[in-house]
>>> print(open('run.cif').read())   # mmCIF, C-alpha atoms
data_target
loop_
_atom_site.group_PDB
_atom_site.id
_atom_site.type_symbol
_atom_site.label_atom_id
_atom_site.label_comp_id
_atom_site.auth_asym_id
_atom_site.auth_seq_id
_atom_site.Cartn_x
_atom_site.Cartn_y
_atom_site.Cartn_z
ATOM 1 C CA MET Q 14 56.402 108.829 -75.053
ATOM 2 C CA ASP Q 15 58.237 107.775 -78.173
ATOM 3 C CA MET Q 16 55.816 109.257 -80.705
ATOM 4 C CA ALA Q 17 57.873 107.985 -83.658
ATOM 5 C CA LYS Q 18 57.168 104.445 -82.418
ATOM 6 C CA TYR Q 19 53.420 105.152 -82.256
ATOM 7 C CA ARG Q 20 53.499 106.771 -85.691
ATOM 8 C CA ARG Q 21 55.023 103.549 -87.075
ATOM 9 C CA ILE Q 22 52.380 101.408 -85.384
ATOM 10 C CA PHE Q 23 49.667 103.762 -86.646
ATOM 11 C CA LEU Q 24 50.889 103.446 -90.231
ATOM 12 C CA GLU Q 25 50.953 99.638 -90.000
ATOM 13 C CA GLU Q 26 47.554 99.272 -88.335
ATOM 14 C CA ALA Q 27 45.769 101.979 -90.335
ATOM 15 C CA THR Q 28 47.045 100.498 -93.612
ATOM 16 C CA GLU Q 29 45.822 97.031 -92.578
ATOM 17 C CA HIS Q 30 42.462 98.408 -91.439
ATOM 18 C CA LEU Q 31 41.940 100.314 -94.692
ATOM 19 C CA ALA Q 32 42.691 97.182 -96.707
ATOM 20 C CA GLU Q 33 40.137 95.283 -94.613
ATOM 21 C CA ILE Q 34 37.593 98.066 -95.098
ATOM 22 C CA GLY Q 35 38.208 97.895 -98.865
ATOM 23 C CA THR Q 36 37.470 94.152 -98.881
ATOM 24 C CA ALA Q 37 34.364 94.672 -96.733
ATOM 25 C CA LEU Q 38 33.091 97.383 -99.093
ATOM 26 C CA LEU Q 39 33.395 94.972 -102.003
ATOM 27 C CA ALA Q 40 31.338 92.478 -99.977
ATOM 28 C CA LEU Q 41 28.734 95.207 -99.354
ATOM 29 C CA GLU Q 42 28.623 95.932 -103.067
ATOM 30 C CA LYS Q 43 27.396 92.355 -103.585
ATOM 31 C CA GLU Q 44 25.231 92.150 -100.471
ATOM 32 C CA THR Q 45 24.166 95.526 -99.031
ATOM 33 C CA ALA Q 46 22.920 93.970 -95.778
ATOM 34 C CA ASN Q 47 26.076 91.962 -94.990
ATOM 35 C CA PRO Q 48 26.233 92.356 -91.166
ATOM 36 C CA ASP Q 49 29.847 91.191 -90.824
ATOM 37 C CA ALA Q 50 31.059 93.706 -93.413
ATOM 38 C CA ILE Q 51 29.035 96.525 -91.821
ATOM 39 C CA ASP Q 52 30.362 95.680 -88.357
ATOM 40 C CA LEU Q 53 33.954 95.408 -89.562
ATOM 41 C CA ILE Q 54 33.931 98.802 -91.292
ATOM 42 C CA PHE Q 55 32.413 100.366 -88.171
ATOM 43 C CA ARG Q 56 35.102 98.871 -85.906
ATOM 44 C CA MET Q 57 37.999 99.695 -88.238
ATOM 45 C CA ALA Q 58 36.861 103.322 -88.635
ATOM 46 C CA HIS Q 59 36.553 103.553 -84.849
ATOM 47 C CA SER Q 60 40.039 102.168 -84.376
ATOM 48 C CA ILE Q 61 41.600 104.543 -86.931
ATOM 49 C CA LYS Q 62 39.817 107.449 -85.221
ATOM 50 C CA GLY Q 63 41.276 106.529 -81.822
ATOM 51 C CA MET Q 64 44.822 106.174 -83.109
ATOM 52 C CA ALA Q 65 44.684 109.357 -85.197
ATOM 53 C CA ALA Q 66 43.279 111.356 -82.271
ATOM 54 C CA SER Q 67 46.114 110.095 -80.048
ATOM 55 C CA LEU Q 68 48.675 111.384 -82.533
ATOM 56 C CA GLY Q 69 46.915 114.677 -83.241
ATOM 57 C CA TYR Q 70 46.081 113.891 -86.871
ATOM 58 C CA ASP Q 71 42.912 115.976 -86.782
ATOM 59 C CA ALA Q 72 41.976 115.594 -90.460
ATOM 60 C CA ILE Q 73 42.108 111.776 -90.183
ATOM 61 C CA THR Q 74 40.255 111.844 -86.859
ATOM 62 C CA GLU Q 75 37.447 113.920 -88.380
ATOM 63 C CA VAL Q 76 36.899 111.761 -91.476
ATOM 64 C CA SER Q 77 37.144 108.456 -89.574
ATOM 65 C CA HIS Q 78 34.788 109.798 -86.898
ATOM 66 C CA ARG Q 79 32.173 110.736 -89.516
ATOM 67 C CA LEU Q 80 32.670 107.419 -91.298
ATOM 68 C CA GLU Q 81 32.162 105.600 -87.990
ATOM 69 C CA ASP Q 82 28.969 107.596 -87.334
ATOM 70 C CA ARG Q 83 27.691 106.834 -90.828
ATOM 71 C CA MET Q 84 28.418 103.127 -90.261
ATOM 72 C CA GLN Q 85 26.513 103.304 -86.974
ATOM 73 C CA SER Q 86 23.461 104.568 -88.916
ATOM 74 C CA ILE Q 87 23.930 101.789 -91.461
ATOM 75 C CA ARG Q 88 24.196 99.265 -88.627
ATOM 76 C CA SER Q 89 20.907 100.518 -87.210
ATOM 77 C CA ALA Q 90 19.244 100.418 -90.633
ATOM 78 C CA GLY Q 91 20.649 96.946 -91.302
ATOM 79 C CA ARG Q 92 22.000 97.752 -94.741
ATOM 80 C CA VAL Q 93 23.499 100.351 -97.045
ATOM 81 C CA ALA Q 94 20.636 102.489 -98.373
ATOM 82 C CA ASP Q 95 21.601 102.795 -102.035
ATOM 83 C CA PRO Q 96 24.526 102.900 -104.501
ATOM 84 C CA GLU Q 97 25.097 106.580 -103.636
ATOM 85 C CA GLU Q 98 25.709 105.747 -99.994
ATOM 86 C CA LEU Q 99 28.062 102.929 -100.975
ATOM 87 C CA ALA Q 100 29.941 105.332 -103.257
ATOM 88 C CA LEU Q 101 30.221 107.747 -100.331
ATOM 89 C CA LEU Q 102 31.796 105.018 -98.188
ATOM 90 C CA PHE Q 103 34.299 104.236 -100.966
ATOM 91 C CA ARG Q 104 35.097 107.950 -101.162
ATOM 92 C CA GLY Q 105 35.641 108.075 -97.402
ATOM 93 C CA VAL Q 106 38.084 105.191 -97.530
ATOM 94 C CA GLU Q 107 39.963 106.639 -100.498
ATOM 95 C CA CYS Q 108 40.289 109.906 -98.599
ATOM 96 C CA LEU Q 109 41.634 108.104 -95.510
ATOM 97 C CA GLU Q 110 44.095 106.157 -97.675
ATOM 98 C CA ALA Q 111 45.410 109.415 -99.135
ATOM 99 C CA MET Q 112 45.705 110.917 -95.660
ATOM 100 C CA VAL Q 113 47.590 107.905 -94.291
ATOM 101 C CA ARG Q 114 49.903 108.041 -97.328
ATOM 102 C CA ALA Q 115 50.568 111.688 -96.484
ATOM 103 C CA VAL Q 116 51.570 110.707 -92.936
ATOM 104 C CA ALA Q 117 53.856 107.997 -94.351
ATOM 105 C CA ASN Q 118 55.457 110.662 -96.556
ATOM 106 C CA GLU Q 119 55.855 112.899 -93.520
ATOM 107 C CA GLN Q 120 53.339 115.406 -94.866
ATOM 108 C CA GLU Q 121 50.366 116.932 -93.089
ATOM 109 C CA PRO Q 122 47.129 115.117 -94.070
ATOM 110 C CA LYS Q 123 44.951 117.521 -96.046
ATOM 111 C CA PRO Q 124 41.483 118.080 -94.527
ATOM 112 C CA ASP Q 125 38.414 117.364 -96.682
ATOM 113 C CA PRO Q 126 35.605 119.460 -95.153
ATOM 114 C CA GLU Q 127 33.259 118.735 -98.059
ATOM 115 C CA LEU Q 128 33.486 114.967 -97.480
ATOM 116 C CA VAL Q 129 33.101 115.447 -93.727
ATOM 117 C CA ARG Q 130 29.944 117.473 -94.360
ATOM 118 C CA ILE Q 131 28.420 114.856 -96.685
ATOM 119 C CA LEU Q 132 29.295 111.970 -94.351
ATOM 120 C CA ALA Q 133 27.646 113.847 -91.475
ATOM 121 C CA GLU Q 134 24.409 114.465 -93.397
ATOM 122 C CA VAL Q 135 21.498 112.487 -92.039
ATOM 123 C CA PRO Q 136 21.118 109.554 -94.419
ATOM 124 C CA ALA Q 137 17.832 109.064 -96.226
ATOM 125 C CA PRO Q 138 15.626 106.398 -94.624
ATOM 126 C CA VAL Q 139 16.288 102.960 -96.024
ATOM 127 C CA PRO Q 140 13.404 101.976 -98.313
ATOM 128 C CA ALA Q 141 11.575 98.816 -97.361
ATOM 129 C CA GLN Q 142 12.705 95.654 -99.115
ATOM 130 C CA PRO Q 143 10.313 94.773 -101.991
ATOM 131 C CA LYS Q 144 8.052 91.976 -100.869
ATOM 132 C CA LYS Q 145 8.498 88.688 -102.659
ATOM 133 C CA LYS Q 146 5.536 87.604 -104.713
ATOM 134 C CA LEU Q 147 3.695 84.870 -102.920
ATOM 135 C CA LEU Q 148 3.479 81.689 -104.892
ATOM 136 C CA SER Q 149 -0.098 81.158 -103.765
ATOM 137 C CA LEU Q 150 -1.064 84.380 -105.491
ATOM 138 C CA THR Q 151 0.301 83.238 -108.818
ATOM 139 C CA PRO Q 152 -2.565 81.973 -110.914
ATOM 140 C CA LEU Q 153 -2.092 78.372 -111.797
ATOM 141 C CA LEU Q 154 -4.455 78.556 -114.702
ATOM 142 C CA PRO Q 155 -4.561 81.164 -117.441
ATOM 143 C CA MET P 13 52.208 95.686 -57.325
ATOM 144 C CA THR P 14 48.959 96.580 -59.079
ATOM 145 C CA ARG P 15 48.227 94.113 -61.864
ATOM 146 C CA VAL P 16 46.429 95.436 -64.944
ATOM 147 C CA LEU P 17 44.740 93.528 -67.770
ATOM 148 C CA VAL P 18 44.562 95.628 -70.942
ATOM 149 C CA ALA P 19 41.751 94.793 -73.390
ATOM 150 C CA ASP P 20 41.730 96.589 -76.746
ATOM 151 C CA ASP P 21 41.657 95.297 -80.316
ATOM 152 C CA ALA P 22 44.212 97.917 -81.408
ATOM 153 C CA SER P 23 47.786 97.025 -80.535
ATOM 154 C CA PHE P 24 48.488 100.780 -80.731
ATOM 155 C CA MET P 25 46.150 101.419 -77.773
ATOM 156 C CA ARG P 26 47.382 98.409 -75.798
ATOM 157 C CA GLN P 27 50.949 99.629 -76.090
ATOM 158 C CA MET P 28 49.990 103.166 -75.131
ATOM 159 C CA ILE P 29 48.162 102.035 -71.985
ATOM 160 C CA ARG P 30 51.010 99.652 -71.145
ATOM 161 C CA GLU P 31 53.513 102.489 -71.365
ATOM 162 C CA ILE P 32 51.366 104.798 -69.215
ATOM 163 C CA VAL P 33 50.680 102.284 -66.436
ATOM 164 C CA GLU P 34 54.188 100.794 -66.381
ATOM 165 C CA ALA P 35 55.636 104.300 -65.977
ATOM 166 C CA GLU P 36 53.563 104.493 -62.788
ATOM 167 C CA GLY P 37 54.965 101.185 -61.504
ATOM 168 C CA PHE P 38 51.910 99.050 -62.314
ATOM 169 C CA GLU P 39 52.351 95.646 -63.936
ATOM 170 C CA VAL P 40 50.518 94.711 -67.142
ATOM 171 C CA CYS P 41 49.782 91.067 -66.350
ATOM 172 C CA GLY P 42 47.995 90.395 -69.643
ATOM 173 C CA GLU P 43 46.515 91.739 -72.835
ATOM 174 C CA ALA P 44 43.362 90.828 -74.736
ATOM 175 C CA SER P 45 42.403 91.820 -78.270
ATOM 176 C CA ASP P 46 38.676 91.092 -78.089
ATOM 177 C CA GLY P 47 35.895 90.797 -75.542
ATOM 178 C CA LEU P 48 35.926 87.018 -75.355
ATOM 179 C CA GLU P 49 39.660 86.937 -74.744
ATOM 180 C CA ALA P 50 39.230 89.621 -72.056
ATOM 181 C CA ILE P 51 36.876 87.338 -70.112
ATOM 182 C CA GLU P 52 39.191 84.346 -70.532
ATOM 183 C CA GLU P 53 42.232 86.343 -69.440
ATOM 184 C CA PHE P 54 40.340 87.772 -66.470
ATOM 185 C CA LYS P 55 39.438 84.239 -65.375
ATOM 186 C CA ARG P 56 43.052 83.102 -65.746
ATOM 187 C CA LEU P 57 44.918 86.111 -64.327
ATOM 188 C CA HIS P 58 42.608 87.664 -61.700
ATOM 189 C CA PRO P 59 43.961 91.199 -62.311
ATOM 190 C CA ASP P 60 43.391 94.065 -59.870
ATOM 191 C CA VAL P 61 41.943 96.204 -62.641
ATOM 192 C CA VAL P 62 40.935 95.815 -66.298
ATOM 193 C CA THR P 63 41.059 98.594 -68.903
ATOM 194 C CA MET P 64 38.359 97.695 -71.421
ATOM 195 C CA ASP P 65 37.808 99.133 -74.879
ATOM 196 C CA ILE P 66 34.142 99.353 -75.877
ATOM 197 C CA VAL P 67 34.254 98.523 -79.583
ATOM 198 C CA MET P 68 35.923 95.122 -80.069
ATOM 199 C CA PRO P 69 35.343 92.048 -82.258
ATOM 200 C CA ARG P 70 33.769 88.734 -81.179
ATOM 201 C CA LYS P 71 32.328 90.287 -77.987
ATOM 202 C CA SER P 72 31.994 93.998 -77.284
ATOM 203 C CA GLY P 73 33.595 95.583 -74.244
ATOM 204 C CA ILE P 74 30.156 95.995 -72.671
ATOM 205 C CA ASP P 75 29.338 92.303 -73.089
ATOM 206 C CA ALA P 76 32.784 91.480 -71.730
ATOM 207 C CA VAL P 77 32.016 93.553 -68.598
ATOM 208 C CA ARG P 78 28.817 91.536 -68.174
ATOM 209 C CA GLY P 79 30.788 88.298 -68.573
ATOM 210 C CA ILE P 80 33.397 89.395 -66.047
ATOM 211 C CA MET P 81 30.730 90.482 -63.568
ATOM 212 C CA GLU P 82 29.198 87.021 -63.778
ATOM 213 C CA LEU P 83 32.562 85.626 -62.706
ATOM 214 C CA ASP P 84 33.289 88.224 -60.018
ATOM 215 C CA ARG P 85 30.836 90.897 -58.887
ATOM 216 C CA SER P 86 33.684 92.842 -57.267
ATOM 217 C CA ALA P 87 35.794 93.010 -60.442
ATOM 218 C CA CYS P 88 37.268 96.416 -61.151
ATOM 219 C CA VAL P 89 36.803 97.423 -64.806
ATOM 220 C CA VAL P 90 37.521 100.829 -66.330
ATOM 221 C CA MET P 91 36.133 101.521 -69.805
ATOM 222 C CA CYS P 92 38.196 103.146 -72.563
ATOM 223 C CA SER P 93 35.804 105.347 -74.471
ATOM 224 C CA ALA P 94 36.022 107.809 -77.317
ATOM 225 C CA LEU P 95 34.271 110.906 -78.512
ATOM 226 C CA GLY P 96 30.559 110.283 -79.029
ATOM 227 C CA GLN P 97 30.301 107.112 -76.913
ATOM 228 C CA GLU P 98 28.481 108.601 -73.922
ATOM 229 C CA THR P 99 25.489 106.271 -74.254
ATOM 230 C CA LEU P 100 27.707 103.206 -74.481
ATOM 231 C CA VAL P 101 29.719 104.338 -71.457
ATOM 232 C CA ALA P 102 26.484 104.691 -69.467
ATOM 233 C CA GLU P 103 25.498 101.173 -70.559
ATOM 234 C CA ALA P 104 28.892 99.821 -69.477
ATOM 235 C CA MET P 105 28.611 101.496 -66.074
ATOM 236 C CA GLN P 106 25.171 99.963 -65.697
ATOM 237 C CA ALA P 107 26.735 96.587 -66.491
ATOM 238 C CA GLY P 108 29.230 97.033 -63.654
ATOM 239 C CA ALA P 109 32.170 99.097 -64.938
ATOM 240 C CA ARG P 110 33.571 101.416 -62.255
ATOM 241 C CA ASP P 111 34.709 104.383 -64.334
ATOM 242 C CA PHE P 112 35.965 105.369 -67.776
ATOM 243 C CA ILE P 113 38.916 107.027 -69.468
ATOM 244 C CA VAL P 114 38.614 108.928 -72.720
ATOM 245 C CA LYS P 115 40.735 108.624 -75.860
ATOM 246 C CA PRO P 116 43.068 110.239 -76.706
ATOM 247 C CA PHE P 117 44.583 109.170 -73.399
ATOM 248 C CA LYS P 118 46.162 111.716 -71.111
ATOM 249 C CA PRO P 119 48.623 109.789 -68.910
ATOM 250 C CA ASP P 120 47.778 111.732 -65.728
ATOM 251 C CA SER P 121 44.062 111.238 -66.216
ATOM 252 C CA VAL P 122 44.482 107.488 -66.871
ATOM 253 C CA ILE P 123 46.554 107.029 -63.706
ATOM 254 C CA ASP P 124 44.243 109.208 -61.573
ATOM 255 C CA THR P 125 41.222 107.194 -62.684
ATOM 256 C CA LEU P 126 42.892 103.836 -62.052
ATOM 257 C CA LYS P 127 44.105 104.934 -58.616
ATOM 258 C CA LYS P 128 40.665 106.283 -57.749
ATOM 259 C CA VAL P 129 38.871 103.024 -58.559
ATOM 260 C CA LEU P 130 41.569 100.971 -56.841
ATOM 261 C CA GLU P 131 41.371 103.094 -53.678
ATOM 262 C CA LYS P 132 37.660 102.393 -53.512
ATOM 263 C CA GLU P 133 38.542 98.699 -53.631
ATOM 264 C CA ILE P 134 40.607 98.864 -50.423
#
>>> encode(input="run.cif", output="structure tokens")
Amino acid sequence: MDMAKYRRIFLEEATEHLAEIGTALLALEKETANPDAIDLIFRMAHSIKGMAASLGYDAITEVSHRLEDRMQSIRSAGRVADPEELALLFRGVECLEAMVRAVANEQEPKPDPELVRILAEVPAPVPAQPKKKLLSLTPLLP
Amino acid sequence: MTRVLVADDASFMRQMIREIVEAEGFEVCGEASDGLEAIEEFKRLHPDVVTMDIVMPRKSGIDAVRGIMELDRSACVVMCSALGQETLVAEAMQAGARDFIVKPFKPDSVIDTLKKVLEKEI
């Protein structure tokens, strides 16, 4: 197989996917339960994982795999738990961007075991949404 | 000649499977980049076998298997799975998929699996 050809395709697709993830993260910043954004990040991380594994980029495979798993938990919960979890997702994407840049510069992507560990930690349960105050309970008279 | 429909949202994976199966003398009769397109292309092309990614937009690979099975109970679909997708693979097999191949693809394993499911067809 012409691995140089696949490396080129990887760089194109991974760069596009990371840009799409970046846009989706901004959408999640505004609306933490945005299902389209959650689904897109999950799929893009999955796709990057598959390509990186095929080319033997283990550091990229590991981070994208953990990011995909984290997105699966978020999908099940229905939303991003808190600003810390959102910040973790941003960190994951920044790490992948740096790794893909390294590949483009013909360098070995540097592993980030600390990030992998944090991404793999079981996320805290998502707190219940605060219930809206019922209008009928609002006293009409002082 | 064995006709293969390749369904995967990543052009990288479609090209890789194309290269593997064409080297074996199979023909890639079509490609699909999401589950809905996979069903439409199956209906149009009647391939001998479909390689189906699990995670795809619009309709997942598992839902696409269900859609294809509604069209043709004897359809031959092989799932393309990845690390950590064992539960989804089991679901796809329940839906009617014949077998699965695991990413990263090993050419010999892909061809062996396709030949195995096709032999059962005969």
>>> resolve_selection(input="run.cif", expression="the PyMOL selection byres ((chain P) within 9 of (chain Q))", output="ChimeraX atom specification")
/P:21-25,27-28,31-32,67-69,94-96,115-117
>>> resolve_selection(input="run.cif", expression="the PyMOL selection byres ((chain Q and resi 129-134) around 7)", output="ChimeraX atom specification")
/Q:76,79-80,83,125-128,135-136
>>> write_last_selection(input="run.cif", atoms="C-alpha atoms", output="mmCIF file, in the frame of the given file")
data_model
loop_
_atom_site.group_PDB
_atom_site.id
_atom_site.type_symbol
_atom_site.label_atom_id
_atom_site.label_comp_id
_atom_site.auth_asym_id
_atom_site.auth_seq_id
_atom_site.Cartn_x
_atom_site.Cartn_y
_atom_site.Cartn_z
ATOM 1 C CA VAL Q 76 36.899 111.761 -91.476
ATOM 2 C CA ARG Q 79 32.173 110.736 -89.516
ATOM 3 C CA LEU Q 80 32.670 107.419 -91.298
ATOM 4 C CA ARG Q 83 27.691 106.834 -90.828
ATOM 5 C CA ASP Q 125 38.414 117.364 -96.682
ATOM 6 C CA PRO Q 126 35.605 119.460 -95.153
ATOM 7 C CA GLU Q 127 33.259 118.735 -98.059
ATOM 8 C CA LEU Q 128 33.486 114.967 -97.480
ATOM 9 C CA VAL Q 135 21.498 112.487 -92.039
ATOM 10 C CA PRO Q 136 21.118 109.554 -94.419
#
>>> axis_aligned_box(input="run.cif", around="stretch 88-100 of chain P", padding_each_side="4 Å", output="AutoDock Vina command-line options")
--center_x 31.8 --center_y 103.7 --center_z -70.1 --size_x 20.7 --size_y 22.5 --size_z 25.9
>>> residues_around(input="run.cif", residues="P:Val122", least_positions_apart="5", cutoff="9 Å", atoms="all atoms listed in the file", output="list in words")
Ile29, Ile32, Val33, Phe112, Ile113, Val114, Phe117 and Lys127 of chain P
>>> atom_distance(input="run.cif", atom1="atom CA of Q:Glu42", atom2="atom CA of Q:Glu107")
15.8 Å
>>> atom_distance(input="run.cif", atom1="atom CA of P:Ala107", atom2="atom CA of P:Ile51")
14.2 Å
